[in-house]
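Enquirer: Can you read through this structure? Questions will come right after.
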Amino acid sequence: MIYITRRERFCSAHRLFNPEWDDDKNNEIYGGCSNPKWHGHNYILWVTVKGNVKQDLGYLADMKEISKIIREHIITKLDHKNINLEVEFMQGKRISTENLAIAIWEQLEPFMKMLGVEMHAVKLEETENNYVEYFGN
């Protein structure tokens with residue numbers, strides 16, 4: 001089994017809040033991440049897939065195809081967008097980095113299967129000090 005990783009970047013705004021709470025409670029729990037006027041991040045995304053090297057090709061999968069899938073189904077939907085308002089696959093969810101990583105996995109998994117590879121991990125860096133890794137269910 002071999003693992004390969006593609007790195008992509010995107011910039012997005014969001015607000016982390018619970019709509020059942022008032023602004024004071026949201027601010028107490030989430031601090032500046034609950035700014036009603038939004039805040040943003042320069043995210044770095046790593047998508048790792050795994051499988052066996054295809055002997056006729058000499059590699060697991062064409063990295064250009066992996067990049068195309070990530071860009072089409074994730075980056076174009078997130079880059080320079082307000083995640084709370086503009087990203088369909090995040091509607092009805094708390095916009096945390098954890099939930100975003102899970103949603104990215106869910107968006108990519110069927111396309112990676114069609115490419116003949118298995119998802120291994122989604123790593124999403126929110127800041128230089130904070131990142132999330134998701135390895136599926």
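By order in the structure tokens, chains are A, B, ...; within a chain, residues start at 1; ligands start at 1, following the order shown.
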Against stretch 111-124 of chain A, which residues of stretch 3-65 of chain A fall within 12 Å? For each one I want the closest pair of atoms and the distance in Å (one decimal), counting only C-alpha atoms, rows by chain and increasing residue number, as a Markdown table.
Expert:
```
| residue | atom | partner | partner_atom | distance |
| --- | --- | --- | --- | --- |
| A:Tyr3 | CA | A:His120 | CA | 7.8 |
| A:Ile4 | CA | A:His120 | CA | 9.2 |
| A:Thr5 | CA | A:Ala121 | CA | 8.8 |
| A:Arg6 | CA | A:Val122 | CA | 9.9 |
| A:Arg7 | CA | A:Lys123 | CA | 9.3 |
| A:Glu8 | CA | A:Leu124 | CA | 9.8 |
| A:Arg9 | CA | A:Leu124 | CA | 9.5 |
| A:Phe10 | CA | A:Leu124 | CA | 10.5 |
| A:His41 | CA | A:Leu124 | CA | 11.2 |
| A:Asn42 | CA | A:Leu124 | CA | 10.5 |
| A:Tyr43 | CA | A:Leu124 | CA | 6.8 |
| A:Ile44 | CA | A:Leu124 | CA | 5.8 |
| A:Leu45 | CA | A:Leu124 | CA | 4.7 |
| A:Trp46 | CA | A:Lys123 | CA | 5.0 |
| A:Val47 | CA | A:Val122 | CA | 4.8 |
| A:Thr48 | CA | A:Ala121 | CA | 5.0 |
| A:Val49 | CA | A:Met119 | CA | 4.5 |
| A:Lys50 | CA | A:Glu118 | CA | 5.3 |
| A:Gly51 | CA | A:Val117 | CA | 5.6 |
| A:Asn52 | CA | A:Val117 | CA | 8.4 |
| A:Val53 | CA | A:Val117 | CA | 10.1 |
| A:Lys54 | CA | A:Gly116 | CA | 10.0 |
| A:Tyr59 | CA | A:Val117 | CA | 11.2 |
| A:Leu60 | CA | A:Val117 | CA | 7.5 |
| A:Ala61 | CA | A:Val117 | CA | 7.3 |
| A:Asp62 | CA | A:Leu115 | CA | 9.0 |
| A:Met63 | CA | A:Leu115 | CA | 10.7 |
| A:Lys64 | CA | A:Leu115 | CA | 11.5 |
| A:Glu65 | CA | A:Leu115 | CA | 8.1 |
```
Enquirer: Per DSSP on the backbone, filter chain A down to the residues in strand (DSSP E or B) and report them as a ChimeraX atom specification.
Expert: /A:2-14,39-51,54,59,81-82,118-127,130-134
Enquirer: For the residues in that selection, give me C-alpha atoms as a JSON list (two decimals), in the first residue's frame.
Expert:
```json
[["chain", "number", "residue", "atom", "x", "y", "z"],
["A", 2, "ILE", "CA", 1.27, 3.47, -0.91],
["A", 3, "TYR", "CA", 0.05, 6.87, 0.27],
["A", 4, "ILE", "CA", 0.19, 10.04, -1.83],
["A", 5, "THR", "CA", -0.78, 13.55, -0.78],
["A", 6, "ARG", "CA", -1.88, 16.62, -2.69],
["A", 7, "ARG", "CA", -1.71, 20.09, -1.10],
["A", 8, "GLU", "CA", -4.07, 22.90, -2.08],
["A", 9, "ARG", "CA", -4.87, 26.31, -0.60],
["A", 10, "PHE", "CA", -7.96, 28.47, -0.26],
["A", 11, "CYS", "CA", -9.07, 31.61, 1.56],
["A", 12, "SER", "CA", -12.50, 31.72, 3.17],
["A", 13, "ALA", "CA", -14.52, 33.68, 5.70],
["A", 14, "HIS", "CA", -16.83, 32.19, 8.30],
["A", 39, "HIS", "CA", -13.46, 36.51, 10.02],
["A", 40, "GLY", "CA", -11.25, 34.62, 7.61],
["A", 41, "HIS", "CA", -8.41, 32.17, 7.22],
["A", 42, "ASN", "CA", -5.83, 31.22, 4.63],
["A", 43, "TYR", "CA", -6.41, 27.48, 4.78],
["A", 44, "ILE", "CA", -3.99, 24.80, 3.63],
["A", 45, "LEU", "CA", -5.57, 21.49, 2.66],
["A", 46, "TRP", "CA", -3.76, 18.16, 2.34],
["A", 47, "VAL", "CA", -5.66, 15.23, 0.83],
["A", 48, "THR", "CA", -4.00, 11.84, 1.19],
["A", 49, "VAL", "CA", -5.16, 8.82, -0.77],
["A", 50, "LYS", "CA", -3.90, 5.25, -0.68],
["A", 51, "GLY", "CA", -3.81, 2.10, -2.71],
["A", 54, "LYS", "CA", -0.55, 0.27, -10.75],
["A", 59, "TYR", "CA", 2.18, 5.01, -9.82],
["A", 81, "LYS", "CA", -16.31, 32.52, -0.23],
["A", 82, "ASN", "CA", -18.23, 32.97, 3.00],
["A", 118, "GLU", "CA", -9.11, 5.12, -1.33],
["A", 119, "MET", "CA", -9.26, 8.19, 0.90],
["A", 120, "HIS", "CA", -6.81, 8.04, 3.79],
["A", 121, "ALA", "CA", -6.80, 11.51, 5.38],
["A", 122, "VAL", "CA", -7.88, 15.10, 5.09],
["A", 123, "LYS", "CA", -5.61, 17.53, 6.93],
["A", 124, "LEU", "CA", -6.85, 21.10, 7.13],
["A", 125, "GLU", "CA", -4.67, 23.85, 8.54],
["A", 126, "GLU", "CA", -6.63, 26.85, 9.77],
["A", 127, "THR", "CA", -3.65, 28.78, 11.19],
["A", 130, "ASN", "CA", -3.99, 24.87, 14.44],
["A", 131, "TYR", "CA", -4.91, 22.02, 12.14],
["A", 132, "VAL", "CA", -7.34, 19.12, 12.02],
["A", 133, "GLU", "CA", -6.81, 15.65, 10.59],
["A", 134, "TYR", "CA", -9.73, 13.41, 9.64]]
```
Enquirer: List the neighbours of A:Leu100 out to 9 Å using only C-alpha atoms; skip same-chain residues closer than 6 positions along the sequence, and give me the result as a list in words.
Expert: Met90, Lys93, Arg94 and Leu124 of chain A
Enquirer: Can those selected residues be exported to a file as an mmCIF file, in the first residue's frame so that it contains N, CA and C atoms?
Expert:
```cif
data_model
loop_
_atom_site.group_PDB
_atom_site.id
_atom_site.type_symbol
_atom_site.label_atom_id
_atom_site.label_comp_id
_atom_site.auth_asym_id
_atom_site.auth_seq_id
_atom_site.Cartn_x
_atom_site.Cartn_y
_atom_site.Cartn_z
ATOM 1 N N MET A 90 -21.883 22.970 3.220
ATOM 2 C CA MET A 90 -21.719 23.290 4.648
ATOM 3 C C MET A 90 -23.005 23.836 5.269
ATOM 4 N N LYS A 93 -24.568 23.311 9.158
ATOM 5 C CA LYS A 93 -23.509 22.796 10.023
ATOM 6 C C LYS A 93 -22.825 23.950 10.743
ATOM 7 N N ARG A 94 -22.269 23.681 11.913
ATOM 8 C CA ARG A 94 -21.402 24.652 12.577
ATOM 9 C C ARG A 94 -20.119 24.716 11.759
ATOM 10 N N LEU A 124 -6.457 19.731 7.424
ATOM 11 C CA LEU A 124 -6.855 21.098 7.128
ATOM 12 C C LEU A 124 -6.226 22.025 8.150
#
```
Enquirer: Just to confirm, what's the straight-line distance from atom CA of A:Asp24 to atom CA of A:Trp38 in Å (one decimal)?
Expert: 15.5 Å
Enquirer: Could you check the closest approach to A:Asn35 for each of A:Arg15, A:His80, A:His73, A:Lys68 and tell me which residue wins, using only C-alpha atoms?
Expert: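 Distance minimum relative to A:Asn35 lands on A:Arg15.
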Enquirer: For the structure I just gave you, how does DSSP split chain A - specifically, which residues are alpha helix (DSSP H)? Reply as a count of residues only.
Expert: 42
Enquirer: Measuring between only C-alpha atoms, which one of A:Leu108, A:Leu16, A:Val87, A:Ala101 shows the shortest distance to A:Glu72?
Expert: A:Leu108
Enquirer: Name the closest residue to A:Ser96 among the candidates A:Ile74, A:Leu57, A:Cys33, A:Met1; distances are taken between atoms, counting only C-alpha atoms.
Expert: A:Cys33
